[in-house]
Structure formats: structure tokens, C-alpha cells
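Following: one structure in C-alpha cells, then a few remarks.
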Amino acid sequence: MNTEKVYFHVDMDAFFAAIEERDHPEYKGKCLVIGGLGPRSVVSTASYAARKFGVHSAMPMGQALRLCPSAIVVQPNMKHYSQVSKGIMQICRTFSPEVQQLSIDEAFLDMSGTRRLYGLPREAAMLLKKKVTEETGLTISVGIAPSRFIAKMASDYNKPDGLCRVSPGKEIAFIDAVGLKKLWGVGKVTRALLEKHHIMTTEQLRGFTQSTLQSLFGQSMGSFLYNAARGIDPGLFTCEAKSHSISSEITFDEDISSASILEQYLLQMSHEVMFRSLDEKQIGRTIGIKVRLPDFTTYTCQTTPKANIYSAEQIFSYSKQLLAQKWHEGIPIRLLGVGLYQLYEGDKPMQEELFEDPYSKKRELEKLILEMHKKGQNVFKATNLEQNEIKVKE
């Protein structure tokens with residue numbers, strides 16, 4: 001007898017802001033924005049109080065402060081956030097051996113066949129949510145569905161601290177309930193294109209054949225729209241074995257076409273990937289990026305440097321070069337990802353270099369910072385994305 005497929009999508013609620021609110025009770029319930037203060041800085045995360053004013057991730061900080069002048073701005077502390085994320089992922093792995101971490105604040109759990117251990121899917125999700133809150137003081141939202149695609153939308157259905165299950169056979173009903181505005185992957189630009197063809201609802205979208213949608217919107221987007229409107233997983237979330245890669249990606253609330261904003265997210269993800277690799281005692285030989293355009297055309301690009309990969313700054317430098325190979329300023333991007341590949345266990349490179357690499361000292365510093373955060377020593381303040389950005393430009 002085939003086991004019913006059950007996937008959880010775990011999404012940490014306003015993760016960076018929630019950690020700061022937990023650690024600093026005076027921020028609780030206030031308009032809190034995580035990001036830099038420079039003229040080119042962007043919002044990494046906004047608290048739910050700030051989101052009511054229209055503030056969202058990837059928004060220029062100047063615009064966010066105009067929308068919400070009373071906002072408290074805190075610079076991101078990626079080392080600390082990565083440690084908290086690791087703890088939540090460890091909790092997730094006690095519920096399922098198959099955890100696919102998408103980024104610092106979200107993951108898929110394959111919960112198929114776990115009913116005898118944890119009960120019905122909703123009961124298991126409630127246990128998971130309770131354990132995360134008890135051990136971290138944070139809340140998560142969980143979406144449950146027969147596919148990763150539907151589970152991801154379900155986790156967003158009643159955030160924060162949400163729980164939504166879409167049972168097998170109810171996918172189309174769920175798609176119609178969320179509508180085009182909340183259909184994952186259909187942003188403002190795509191909705192505007194659909195409206196030009198008088199497509200206002202998911203029901204109307206299902207009235208078009210796949211070939212017609214492809215002729216109207218292109219091969220990739222047409223296929224995506226055809227499947228998404230029917231609750232069919234379009235296969236955007238492919239599983240990568242943990243032993244083969246450590247990666248992070250972000251889907252932007254609105255498409256981004258600014259190089260300076262994209263580079264800040266590359267820098268943030270480079271730090272996240274490096275601290276995860278240090279924590280897992282993994283060294284990568286290959287650096288890669290993932291770029292998805294508004295029409296769902298997806299590019300991946302990798303490089304294997306001759307030099308050993310020691311630090312987040314190296315990952316950032318190479319990822320910028322890779323982005324330049326696949327993208328030009330002005331072209332909108334809906335998703336961006338950074339990863340380390342060809343991993344092997346250890347603290348030292350397989351091939352020692354004749355002369356000391358200056359980046360190796362930075363790796364030792366990053367390891368020291370990670371250990372101090374594990375011990376709860378807040379000697380080092382938040383990662384200053386602006387300072388890092390200046391260093392790279394010099």
C-alpha cells in the first residue's frame with residue numbers, strides 16, 4: 001500500500017524581527033525594521049507592526065522610513081540568527097529525517113509515513129509548533145499538503161503562528177480560496193499580464209489550455225500557470241541532499257532590478273551559508289548562484305576556484321561575478337540564491353596552500369565568532385552589511 005504523501009512547510013514568523021523582539025522586550029509590538037541605515041540599504045525583515053504601514057523585505061530603507069517614520073531600525077546579526085535557525089532545524093529533524101532547508105527561516109519536512117509516531121498531520125504540526133515555542137520562545141507557521149508547492153502557500157494562509165492543512169483532493173478548492181493575489185509565484189507584474197487577457201480569477205485561468213498559456217506568456221511561465229491553477233506542484237522546490245550542498249535563497253515580495261539591492265542580499269546569504277558550513281564542519285569546493293526571472297526562467301551558474309574557500313567574503317565576491325555572467329542591471333529578478341557545493345567534512349582544506357591565504361584568517365575569526373555566540377557571549381555586535389559592502393568595494 002502506498003503511503004500518503006505529506007509535506008510540512010515551516011516558515012518562521014518575521015524571523016529576524018522576532019528574534020530581536022524576544023531578546024529585547026522593549027521592541028515588542030513596535031514597528032521594528034531589520035536592515036542597514038545607509039542611503040543604499042534595504043529592509044531584510046519587518047515586524048508585523050511595521051508591515052501594516054506597507055513595509056516589506058527588499059524595500060529601500062529610505063522608503064520604509066517614509067512609510068513608517070516611527071520605525072526602530074536594527075542592523076542584522078546574521079551569526080546570531082543562523083544559530084537560532086540551526087536550533088529550530090534541529091527540532092525539525094527530530095520530527096522527520098528528510099528536512100530540506102530553503103533558507104535561514106524556512107524548510108520543508110517530508111512527513112510521509114510518520115502518523116504512527118506523531119499522529120495525524122495536524123496533531124504533528126501542533127506538537128512541532130509547541131516544541132519550537134517552548135525551546136526558542138519563537139513562533140512558526142506550518143502549512144500541510146500533499147505537495148511542497150501547496151504546503152508553502154498553506155503556511156502563509158493565516159500567519160503569524162498559523163497552521164493550515166490542505167487535504168488530498170482539496171488542492172483546487174484551496175487555490176480558488178487564496179485566489180490569484182495569493183497564488184504563489186503570481187506577483188503584481190504577472191497579475192497585470194493576466195488582466196490584459198481578462199484573466200481575473202484562478203477559475204478563469206483554468207479555462208486556458210497549457211499550449212495557449214505558453215503562447216501568451218512563454219514556455220516557462222505558461223507551464224507554471226497551467227499547473228499552479230490546478231494545484232499541481234510545478235517542481236520549483238527540488239530537494240538537494242544536505243551532504244552535497246548548503247544553500248540559501250529568497251523569493252522577493254516584488255521583483256528586484258537594482259544591482260546594489262541584489263548585492264546586499266548576496267552578502268547576507270553568503271554570511272548565512274558560511275556560518276552554516278562552519279557549524280556543520282563542512283568545506284565547499286564550488287560556489288553557485290540561482291536566479292529566477294519573473295517568467296520563471298531559472299538559471300544556475302557555478303564556479304570552482306583554484307583557491308580554497310575560507311570565508312563569506314570569498315563567497316560574496318564569486319557570487320557577484322557569477323551574477324554578472326547571467327544578469328544585467330535593469331532586468332527584474334524574482335528569486336536569488338547562493339550555495340556551497342562539493343562539500344566534504346573537515347576544518348581544513350584537502351589541499352594545503354604553499355603560502356598562507358589571507359582569507360584563512362577571516363575563516364578563523366568567523367569560527368571564533370560562531371563559538372562565542374554558541375556560548376551566549378554577545379561580544380560581537382550585529383553584522384554590519386554596510387561596512388562589509390564598503391570593504392568589498394575598496
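Starting from 1 in every chain, residues are counted up; chains themselves are A, B, ... following the order of the C-alpha cells, and ligands are numbered from 1 as listed.
For Ile331 in chain A, the residues within 10 Å (counting only C-alpha atoms, excluding itself and residues fewer than 6 positions away along the chain) are Asp255, Ile256, Ser257, Ser258, Ala259, Leu293 and Pro294 of chain A.
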Save out the residues we just selected, N, CA and C atoms, as a CSV table (one decimal), in the first residue's frame.
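Heads up, here's the output in result-v4.csv:
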chain,number,residue,atom,x,y,z
A,255,ASP,N,9.6,42.0,-7.6
A,255,ASP,CA,10.8,41.8,-8.4
A,255,ASP,C,11.8,42.9,-8.2
A,256,ILE,N,13.1,42.5,-8.2
A,256,ILE,CA,14.2,43.5,-8.0
A,256,ILE,C,15.1,43.6,-9.2
A,257,SER,N,15.4,44.8,-9.6
A,257,SER,CA,16.2,45.0,-10.8
A,257,SER,C,17.4,45.9,-10.5
A,258,SER,N,17.7,46.2,-9.2
A,258,SER,CA,18.8,47.0,-8.8
A,258,SER,C,20.0,46.2,-8.3
A,259,ALA,N,21.1,46.5,-8.9
A,259,ALA,CA,22.3,45.7,-8.6
A,259,ALA,C,22.7,45.9,-7.1
A,293,LEU,N,13.8,34.5,-13.0
A,293,LEU,CA,13.2,35.7,-13.6
A,293,LEU,C,11.7,35.7,-13.4
A,294,PRO,N,11.0,36.8,-13.7
A,294,PRO,CA,9.6,36.9,-13.5
A,294,PRO,C,8.8,35.9,-14.3
Once DSSP has gone over the backbone, tell me which residues of range 69-235 of chain A are in helix (DSSP H, G or I), as JSON, numbers by chain.
{"A": [78, 79, 80, 81, 82, 83, 84, 85, 86, 87, 88, 89, 90, 91, 92, 93, 115, 116, 117, 118, 121, 122, 123, 124, 125, 126, 127, 128, 129, 130, 131, 132, 133, 134, 135, 136, 148, 149, 150, 151, 152, 153, 154, 155, 171, 172, 173, 174, 175, 176, 177, 178, 179, 180, 181, 182, 188, 189, 190, 191, 192, 193, 194, 195, 196, 202, 203, 204, 205, 210, 211, 212, 213, 214, 215, 216, 217, 219, 220, 221, 222, 223, 224, 225, 226, 227, 228]}
Using only C-alpha atoms, which protein or nucleic acid residues come within 12 Å of Val132 in chain A? Drop anything in the same chain fewer than 3 positions from it, and give the result as a VMD selection string.
chain A and resid 10 to 13 84 to 95 125 to 129 135 to 142 161
Would you save the residues from that selection as a CSV table (one decimal), in the first residue's frame, using C-alpha atoms?
chain,number,residue,atom,x,y,z
A,10,VAL,CA,7.8,25.5,8.2
A,11,ASP,CA,8.1,29.3,8.0
A,12,MET,CA,9.5,31.3,10.8
A,13,ASP,CA,7.3,34.3,11.5
A,84,VAL,CA,18.7,30.3,16.3
A,85,SER,CA,17.9,28.9,12.8
A,86,LYS,CA,20.1,25.9,13.5
A,87,GLY,CA,18.3,25.2,16.7
A,88,ILE,CA,14.9,25.2,15.0
A,89,MET,CA,16.1,23.0,12.2
A,90,GLN,CA,17.4,20.5,14.8
A,91,ILE,CA,13.9,20.4,16.3
A,92,CYS,CA,12.5,19.8,12.8
A,93,ARG,CA,14.9,16.9,12.3
A,94,THR,CA,13.5,15.2,15.4
A,95,PHE,CA,10.2,15.0,13.5
A,125,ALA,CA,2.2,20.2,13.3
A,126,MET,CA,0.8,21.3,16.7
A,127,LEU,CA,3.5,19.3,18.5
A,128,LEU,CA,6.2,20.8,16.3
A,129,LYS,CA,4.9,24.4,16.9
A,135,GLU,CA,12.6,25.8,23.3
A,136,THR,CA,13.1,29.1,21.5
A,137,GLY,CA,10.4,31.5,22.5
A,138,LEU,CA,9.5,32.0,18.9
A,139,THR,CA,6.5,31.1,16.7
A,140,ILE,CA,6.4,29.3,13.4
A,141,SER,CA,3.7,28.9,10.8
A,142,VAL,CA,3.2,25.4,9.3
A,161,ASP,CA,1.7,31.5,14.3
Point-to-point distance in Å for CA of Ala312 in chain A and CA of Gln282 in chain A:
13.5 Å
Find the spatial neighbours of Asp176 in chain A, counting only C-alpha atoms, within a cut-off of 8 Å - ignore same-chain residues fewer than 2 positions away - and output them as an mmCIF file with C-alpha atoms, in the first residue's frame.
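Final output, selection20.cif:
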data_model
loop_
_atom_site.group_PDB
_atom_site.id
_atom_site.type_symbol
_atom_site.label_atom_id
_atom_site.label_comp_id
_atom_site.auth_asym_id
_atom_site.auth_seq_id
_atom_site.Cartn_x
_atom_site.Cartn_y
_atom_site.Cartn_z
ATOM 1 C CA ILE A 172 -8.078 23.224 -6.375
ATOM 2 C CA ALA A 173 -10.524 24.376 -3.712
ATOM 3 C CA PHE A 174 -7.580 25.826 -1.783
ATOM 4 C CA VAL A 178 -6.441 32.021 -1.913
ATOM 5 C CA GLY A 179 -7.130 33.475 -5.376
ATOM 6 C CA LEU A 180 -4.725 34.949 -7.904
ATOM 7 C CA THR A 201 -9.585 34.507 -11.139
ATOM 8 C CA THR A 202 -7.994 31.100 -10.805
ATOM 9 C CA GLU A 203 -11.166 29.585 -12.254
#
Contacts of His271 in chain A at 7 Å (only C-alpha atoms; same-chain gap of 3+ positions) as an mmCIF file with C-alpha atoms, in the first residue's frame:
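And here is the file that came out, result-v9.cif:
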data_model
loop_
_atom_site.group_PDB
_atom_site.id
_atom_site.type_symbol
_atom_site.label_atom_id
_atom_site.label_comp_id
_atom_site.auth_asym_id
_atom_site.auth_seq_id
_atom_site.Cartn_x
_atom_site.Cartn_y
_atom_site.Cartn_z
ATOM 1 C CA MET A 78 23.472 37.027 10.838
ATOM 2 C CA LEU A 267 26.156 39.379 1.008
ATOM 3 C CA GLN A 268 23.528 38.374 3.560
ATOM 4 C CA MET A 274 29.351 30.310 5.504
ATOM 5 C CA PHE A 275 28.151 30.177 9.127
ATOM 6 C CA ALA A 312 31.839 34.651 3.486
#
Using only C-alpha atoms, the shortest atom-to-atom distance to Leu194 in chain A among A:Leu102, A:Ala64, A:Phe208, A:Gln83 belongs to A:Phe208
May I ask which of the residues A:Glu98, A:Glu20, A:Glu280, A:Glu329 is the closest one to Ser245 in chain A, counting only C-alpha atoms?
A:Glu280
Excluding range 30-34 of chain A and any residue of its chain fewer than 5 positions from it, enumerate the residues within 7 Å of it, using only C-alpha atoms, and give them as number ranges by chain.
A: 16-17, 43-47, 49-50, 70-76
